[in-house]
Amino acid sequence: MATTTTSDRFTTLPDEKTLALAVTALEEHGFSVEIVDDPDAAREAVLARIPHGSSVMTNTSVTLAEAGIADAINDGGPYESARNAMFALDFATQAQEMKSIGGQPEYALGSVHEVSREGAVVIASASVSRLAACAGGAANVIFVAGAQKLVPTLEAAHQRIYQHSLKLEDARAQAAYGQHSQVGKVLEIHQELPGRIHIVLIRQQVGF
């Protein structure tokens with residue numbers, strides 16, 4: 001399997017001062033934020049925020065997979081897996097119902113491609129499926145991201161999407177599905193009502 005190379009510019013971890021300044025900016029824009037040391041701590045932090053029995057959608061995410069969060073929700077845990085319910089339906093005849101289940105859960109979990117030190121988060125998607133819940137459909141959203149995703153500006157965020165994240169996601173998609181990925185839509189969240197979106201930042205390189 002070929003190795004996909006990207007610039008170290010997009011994988012460098014920030015120092016604690018930079019991380020703290022980013023947290024302050026995010027909180028000023030309505031996000032709540034916590035910092036954890038590793039993926040296991042991230043999983044514990046996420047699950048602690050979700051009441052048992054809640055409807056939870058896990059959007060496709062390398063970060064959620066690496067932290068064991070997707071498995072904790074979808075593999076028989078004490079939650080209602082919106083993903084399992086959605087994929088139990090027939091896309092050919094129940095596509096709209098699938099969109100409703102995936103787009104309006106009590107909790108939507110996922111990652112972001114960039115966290116701007118200006119206080120915004122940026123998510124790219126080949127389709128709209130993961131974006132609807134994050135933009136407003138879900139009552140609660142929890143994003144989990146490795147601290148290497150912190151970028152200084154939105155311009156740098158867009159560069160990271162095309163020069164880093166897309167390359168790695170394209171390689172993953174070819175291995176998993178036998179097809180290329182693309183940037184179909186980009187969601188930027190600059191301001192949120194306090195209490196709806198929580199961000200868990202990991203002091204490690206996790207996901208891409």
# chains A, B, ... in the order shown; residues from 1 in each chain; ligands from 1
>>> select_by_dssp(residues="segment 26-198 of chain A", states="helix (DSSP H, G or I)", output="PyMOL selection string")
chain A and resi 26-28+39-48+62-66+69-74+82-87+91-103+129-137+147-149+154-177
>>> write_last_selection(atoms="C-alpha atoms", output="CSV table (one decimal), in the first residue's frame")
chain,number,residue,atom,x,y,z
A,26,LEU,CA,-13.6,29.1,21.3
A,27,GLU,CA,-15.4,29.8,24.6
A,28,GLU,CA,-15.9,33.4,23.5
A,39,PRO,CA,-7.7,9.1,23.2
A,40,ASP,CA,-8.8,7.0,26.2
A,41,ALA,CA,-9.4,10.1,28.3
A,42,ALA,CA,-11.3,11.6,25.3
A,43,ARG,CA,-13.6,8.6,25.2
A,44,GLU,CA,-14.3,8.9,28.9
A,45,ALA,CA,-15.0,12.6,28.6
A,46,VAL,CA,-17.5,12.1,25.7
A,47,LEU,CA,-19.4,9.2,27.2
A,48,ALA,CA,-19.7,11.1,30.5
A,62,VAL,CA,-11.0,8.4,12.1
A,63,THR,CA,-10.7,10.2,15.4
A,64,LEU,CA,-13.8,8.6,16.9
A,65,ALA,CA,-12.6,5.2,15.7
A,66,GLU,CA,-9.1,5.6,17.1
A,69,ILE,CA,-15.9,6.2,20.8
A,70,ALA,CA,-17.7,4.9,17.7
A,71,ASP,CA,-17.6,1.3,19.1
A,72,ALA,CA,-18.8,2.4,22.5
A,73,ILE,CA,-21.9,3.9,21.0
A,74,ASN,CA,-22.7,1.4,18.2
A,82,ALA,CA,-28.8,6.4,15.3
A,83,ARG,CA,-26.2,5.0,12.9
A,84,ASN,CA,-27.4,1.5,13.4
A,85,ALA,CA,-31.0,2.6,13.0
A,86,MET,CA,-30.2,4.5,9.9
A,87,PHE,CA,-28.4,1.7,8.1
A,91,PHE,CA,-31.7,3.6,0.9
A,92,ALA,CA,-33.6,2.9,-2.3
A,93,THR,CA,-37.0,3.4,-0.6
A,94,GLN,CA,-36.3,5.1,2.8
A,95,ALA,CA,-33.6,7.6,2.0
A,96,GLN,CA,-35.5,10.5,3.4
A,97,GLU,CA,-36.2,8.7,6.7
A,98,MET,CA,-32.5,7.8,6.9
A,99,LYS,CA,-31.6,11.5,6.5
A,100,SER,CA,-34.0,12.4,9.3
A,101,ILE,CA,-32.5,9.9,11.7
A,102,GLY,CA,-28.9,10.9,10.9
A,103,GLY,CA,-29.6,14.6,10.8
A,129,SER,CA,-24.7,13.7,5.6
A,130,ARG,CA,-22.4,14.7,8.5
A,131,LEU,CA,-23.0,18.4,8.2
A,132,ALA,CA,-26.7,18.7,8.8
A,133,ALA,CA,-26.7,17.5,12.4
A,134,CYS,CA,-23.6,19.6,13.2
A,135,ALA,CA,-25.0,22.7,11.7
A,136,GLY,CA,-28.3,22.7,13.6
A,137,GLY,CA,-30.2,19.4,13.4
A,147,ALA,CA,-4.5,19.3,18.9
A,148,GLN,CA,-2.6,19.1,15.7
A,149,LYS,CA,-5.7,20.4,14.0
A,154,LEU,CA,-9.4,30.3,8.4
A,155,GLU,CA,-7.2,30.6,5.4
A,156,ALA,CA,-4.8,28.1,7.0
A,157,ALA,CA,-7.8,25.9,7.7
A,158,HIS,CA,-8.8,25.8,4.1
A,159,GLN,CA,-5.2,25.0,3.1
A,160,ARG,CA,-5.1,22.1,5.6
A,161,ILE,CA,-8.3,20.6,4.2
A,162,TYR,CA,-6.9,20.4,0.6
A,163,GLN,CA,-3.2,19.9,1.2
A,164,HIS,CA,-3.5,17.5,4.2
A,165,SER,CA,-6.9,16.1,5.2
A,166,LEU,CA,-8.2,15.3,1.7
A,167,LYS,CA,-5.0,13.4,0.8
A,168,LEU,CA,-5.3,11.2,3.8
A,169,GLU,CA,-9.1,10.7,3.5
A,170,ASP,CA,-8.7,9.9,-0.2
A,171,ALA,CA,-6.3,7.2,0.6
A,172,ARG,CA,-8.6,5.8,3.4
A,173,ALA,CA,-11.6,5.9,1.1
A,174,GLN,CA,-9.8,4.0,-1.7
A,175,ALA,CA,-8.7,1.3,0.8
A,176,ALA,CA,-12.1,1.1,2.5
A,177,TYR,CA,-14.5,1.6,-0.4
>>> closest_atom_pairs(of="segment 148-200 of chain A", to="segment 106-125 of chain A", cutoff="6 Å", atoms="only C-alpha atoms", output="JSON lines")
{"residue": "A:Lys149", "atom": "CA", "partner": "A:Glu114", "partner_atom": "CA", "distance": 4.8}
{"residue": "A:Leu150", "atom": "CA", "partner": "A:Val115", "partner_atom": "CA", "distance": 4.7}
{"residue": "A:Val151", "atom": "CA", "partner": "A:Ser116", "partner_atom": "CA", "distance": 5.0}
{"residue": "A:Pro152", "atom": "CA", "partner": "A:Arg117", "partner_atom": "CA", "distance": 5.0}
{"residue": "A:Thr153", "atom": "CA", "partner": "A:Ser116", "partner_atom": "CA", "distance": 5.5}
{"residue": "A:Ala157", "atom": "CA", "partner": "A:Glu114", "partner_atom": "CA", "distance": 5.6}
{"residue": "A:Val183", "atom": "CA", "partner": "A:Ser125", "partner_atom": "CA", "distance": 5.6}
{"residue": "A:Gly184", "atom": "CA", "partner": "A:Ser125", "partner_atom": "CA", "distance": 5.8}
{"residue": "A:Lys185", "atom": "CA", "partner": "A:Ser125", "partner_atom": "CA", "distance": 5.4}
{"residue": "A:Val186", "atom": "CA", "partner": "A:Ala124", "partner_atom": "CA", "distance": 4.3}
{"residue": "A:Leu187", "atom": "CA", "partner": "A:Ile123", "partner_atom": "CA", "distance": 5.1}
{"residue": "A:Glu188", "atom": "CA", "partner": "A:Val122", "partner_atom": "CA", "distance": 4.6}
{"residue": "A:Ile189", "atom": "CA", "partner": "A:Val121", "partner_atom": "CA", "distance": 5.4}
{"residue": "A:His190", "atom": "CA", "partner": "A:Ala120", "partner_atom": "CA", "distance": 4.5}
>>> write_last_selection(atoms="N, CA, C and O atoms", output="PDB file, in the first residue's frame")
ATOM      1  N   LYS A 149      -4.771  19.741  14.883  1.00  0.00           N
ATOM      2  CA  LYS A 149      -5.723  20.386  13.971  1.00  0.00           C
ATOM      3  C   LYS A 149      -5.888  21.878  14.239  1.00  0.00           C
ATOM      4  O   LYS A 149      -6.637  22.547  13.528  1.00  0.00           O
ATOM      5  N   LEU A 150      -5.210  22.368  15.244  1.00  0.00           N
ATOM      6  CA  LEU A 150      -5.280  23.796  15.548  1.00  0.00           C
ATOM      7  C   LEU A 150      -4.500  24.581  14.499  1.00  0.00           C
ATOM      8  O   LEU A 150      -3.338  24.297  14.213  1.00  0.00           O
ATOM      9  N   VAL A 151      -5.163  25.572  13.894  1.00  0.00           N
ATOM     10  CA  VAL A 151      -4.537  26.405  12.868  1.00  0.00           C
ATOM     11  C   VAL A 151      -4.728  27.877  13.230  1.00  0.00           C
ATOM     12  O   VAL A 151      -5.663  28.226  13.953  1.00  0.00           O
ATOM     13  N   PRO A 152      -3.864  28.771  12.721  1.00  0.00           N
ATOM     14  CA  PRO A 152      -3.946  30.173  13.136  1.00  0.00           C
ATOM     15  C   PRO A 152      -5.123  30.937  12.546  1.00  0.00           C
ATOM     16  O   PRO A 152      -5.672  31.826  13.185  1.00  0.00           O
ATOM     17  N   THR A 153      -5.503  30.614  11.300  1.00  0.00           N
ATOM     18  CA  THR A 153      -6.523  31.398  10.607  1.00  0.00           C
ATOM     19  C   THR A 153      -7.428  30.486   9.787  1.00  0.00           C
ATOM     20  O   THR A 153      -7.105  29.321   9.542  1.00  0.00           O
ATOM     21  N   ALA A 157      -6.880  27.020   7.603  1.00  0.00           N
ATOM     22  CA  ALA A 157      -7.803  25.895   7.726  1.00  0.00           C
ATOM     23  C   ALA A 157      -8.153  25.330   6.356  1.00  0.00           C
ATOM     24  O   ALA A 157      -8.153  24.112   6.140  1.00  0.00           O
ATOM     25  N   VAL A 183     -13.873  16.988  -1.635  1.00  0.00           N
ATOM     26  CA  VAL A 183     -14.460  18.017  -0.783  1.00  0.00           C
ATOM     27  C   VAL A 183     -15.715  18.502  -1.483  1.00  0.00           C
ATOM     28  O   VAL A 183     -15.655  19.273  -2.444  1.00  0.00           O
ATOM     29  N   GLY A 184     -16.864  18.029  -1.026  1.00  0.00           N
ATOM     30  CA  GLY A 184     -18.114  18.423  -1.635  1.00  0.00           C
ATOM     31  C   GLY A 184     -18.699  19.668  -0.991  1.00  0.00           C
ATOM     32  O   GLY A 184     -19.216  20.552  -1.670  1.00  0.00           O
ATOM     33  N   LYS A 185     -18.593  19.731   0.346  1.00  0.00           N
ATOM     34  CA  LYS A 185     -19.147  20.851   1.095  1.00  0.00           C
ATOM     35  C   LYS A 185     -18.250  21.131   2.292  1.00  0.00           C
ATOM     36  O   LYS A 185     -17.631  20.219   2.844  1.00  0.00           O
ATOM     37  N   VAL A 186     -18.202  22.395   2.681  1.00  0.00           N
ATOM     38  CA  VAL A 186     -17.408  22.804   3.842  1.00  0.00           C
ATOM     39  C   VAL A 186     -18.305  23.600   4.783  1.00  0.00           C
ATOM     40  O   VAL A 186     -18.964  24.549   4.368  1.00  0.00           O
ATOM     41  N   LEU A 187     -18.331  23.197   6.046  1.00  0.00           N
ATOM     42  CA  LEU A 187     -19.109  23.895   7.069  1.00  0.00           C
ATOM     43  C   LEU A 187     -18.159  24.633   8.002  1.00  0.00           C
ATOM     44  O   LEU A 187     -17.230  24.040   8.542  1.00  0.00           O
ATOM     45  N   GLU A 188     -18.402  25.926   8.174  1.00  0.00           N
ATOM     46  CA  GLU A 188     -17.677  26.730   9.155  1.00  0.00           C
ATOM     47  C   GLU A 188     -18.651  27.154  10.244  1.00  0.00           C
ATOM     48  O   GLU A 188     -19.707  27.719   9.937  1.00  0.00           O
ATOM     49  N   ILE A 189     -18.318  26.887  11.479  1.00  0.00           N
ATOM     50  CA  ILE A 189     -19.144  27.327  12.605  1.00  0.00           C
ATOM     51  C   ILE A 189     -18.367  28.392  13.359  1.00  0.00           C
ATOM     52  O   ILE A 189     -17.354  28.108  13.990  1.00  0.00           O
ATOM     53  N   HIS A 190     -18.831  29.626  13.272  1.00  0.00           N
ATOM     54  CA  HIS A 190     -18.138  30.759  13.873  1.00  0.00           C
ATOM     55  C   HIS A 190     -18.724  31.153  15.226  1.00  0.00           C
ATOM     56  O   HIS A 190     -18.027  31.740  16.052  1.00  0.00           O
TER      57      HIS A 190
END
>>> atom_distance(atom1="atom CA of Ala67 of chain A", atom2="atom CA of Ile142 of chain A")
13.6 Å
>>> select_by_dssp(residues="segment 116-188 of chain A", states="strand (DSSP E or B)", output="MDAnalysis selection string")
chainID A and resid 116 121:125 140:146 150:151 185:188
>>> closest_residue(among="A:Ala139, A:Leu13, A:Ala88, A:Ile199", to="Gly30 of chain A", atoms="only C-alpha atoms")
A:Ile199
>>> atom_distance(atom1="atom CA of Glu192 of chain A", atom2="atom CA of Ser54 of chain A")
21.9 Å
>>> atom_distance(atom1="atom CA of Ile197 of chain A", atom2="atom CA of Phe143 of chain A")
7.5 Å
>>> residues_around(residues="Gln204 of chain A", least_positions_apart="2", cutoff="6 Å", atoms="only C-alpha atoms", output="ChimeraX atom specification")
/A:146,202,206
>>> write_last_selection(atoms="C-alpha atoms", output="short mmCIF file (atom, residue, chain, number, x, y, z; two decimals), in the first residue's frame")
data_model
loop_
_atom_site.label_atom_id
_atom_site.label_comp_id
_atom_site.auth_asym_id
_atom_site.auth_seq_id
_atom_site.Cartn_x
_atom_site.Cartn_y
_atom_site.Cartn_z
CA GLY A 146 -6.33 16.03 18.05
CA ILE A 202 -6.55 15.83 22.72
CA VAL A 206 -5.21 11.81 16.53
#
>>> residues_around(residues="His52 of chain A", least_positions_apart="2", cutoff="7 Å", atoms="only C-alpha atoms", output="PyMOL selection string")
chain A and resi 50+54+78-79
>>> write_last_selection(atoms="all heavy atoms", output="short mmCIF file (atom, residue, chain, number, x, y, z; two decimals), in the first residue's frame")
data_model
loop_
_atom_site.label_atom_id
_atom_site.label_comp_id
_atom_site.auth_asym_id
_atom_site.auth_seq_id
_atom_site.Cartn_x
_atom_site.Cartn_y
_atom_site.Cartn_z
N ILE A 50 -23.09 12.03 27.90
CA ILE A 50 -24.27 11.52 27.19
C ILE A 50 -25.11 10.64 28.13
O ILE A 50 -24.65 9.58 28.55
CB ILE A 50 -23.85 10.70 25.96
CG1 ILE A 50 -22.92 11.52 25.06
CG2 ILE A 50 -25.08 10.25 25.17
CD1 ILE A 50 -22.35 10.73 23.90
N SER A 54 -29.89 7.86 25.30
CA SER A 54 -29.97 8.93 24.32
C SER A 54 -29.78 8.41 22.90
O SER A 54 -29.05 7.44 22.67
CB SER A 54 -28.90 9.99 24.61
OG SER A 54 -29.09 10.59 25.86
N PRO A 78 -25.11 1.41 26.18
CA PRO A 78 -26.40 1.84 26.74
C PRO A 78 -26.99 3.06 26.04
O PRO A 78 -27.53 3.96 26.67
CB PRO A 78 -26.03 2.17 28.19
CG PRO A 78 -24.62 2.68 28.10
CD PRO A 78 -23.96 1.84 27.02
N TYR A 79 -26.86 3.10 24.72
CA TYR A 79 -27.34 4.23 23.94
C TYR A 79 -28.17 3.72 22.76
O TYR A 79 -28.05 2.56 22.37
CB TYR A 79 -26.16 5.06 23.40
CG TYR A 79 -25.14 5.41 24.44
CD1 TYR A 79 -23.97 4.66 24.58
CD2 TYR A 79 -25.33 6.48 25.31
CE1 TYR A 79 -23.04 4.97 25.56
CE2 TYR A 79 -24.41 6.79 26.29
CZ TYR A 79 -23.26 6.03 26.41
OH TYR A 79 -22.34 6.32 27.38
#
>>> closest_residue(among="A:Val141, A:Val36, A:Ala20, A:Val56", to="Glu80 of chain A", atoms="only C-alpha atoms")
A:Val56
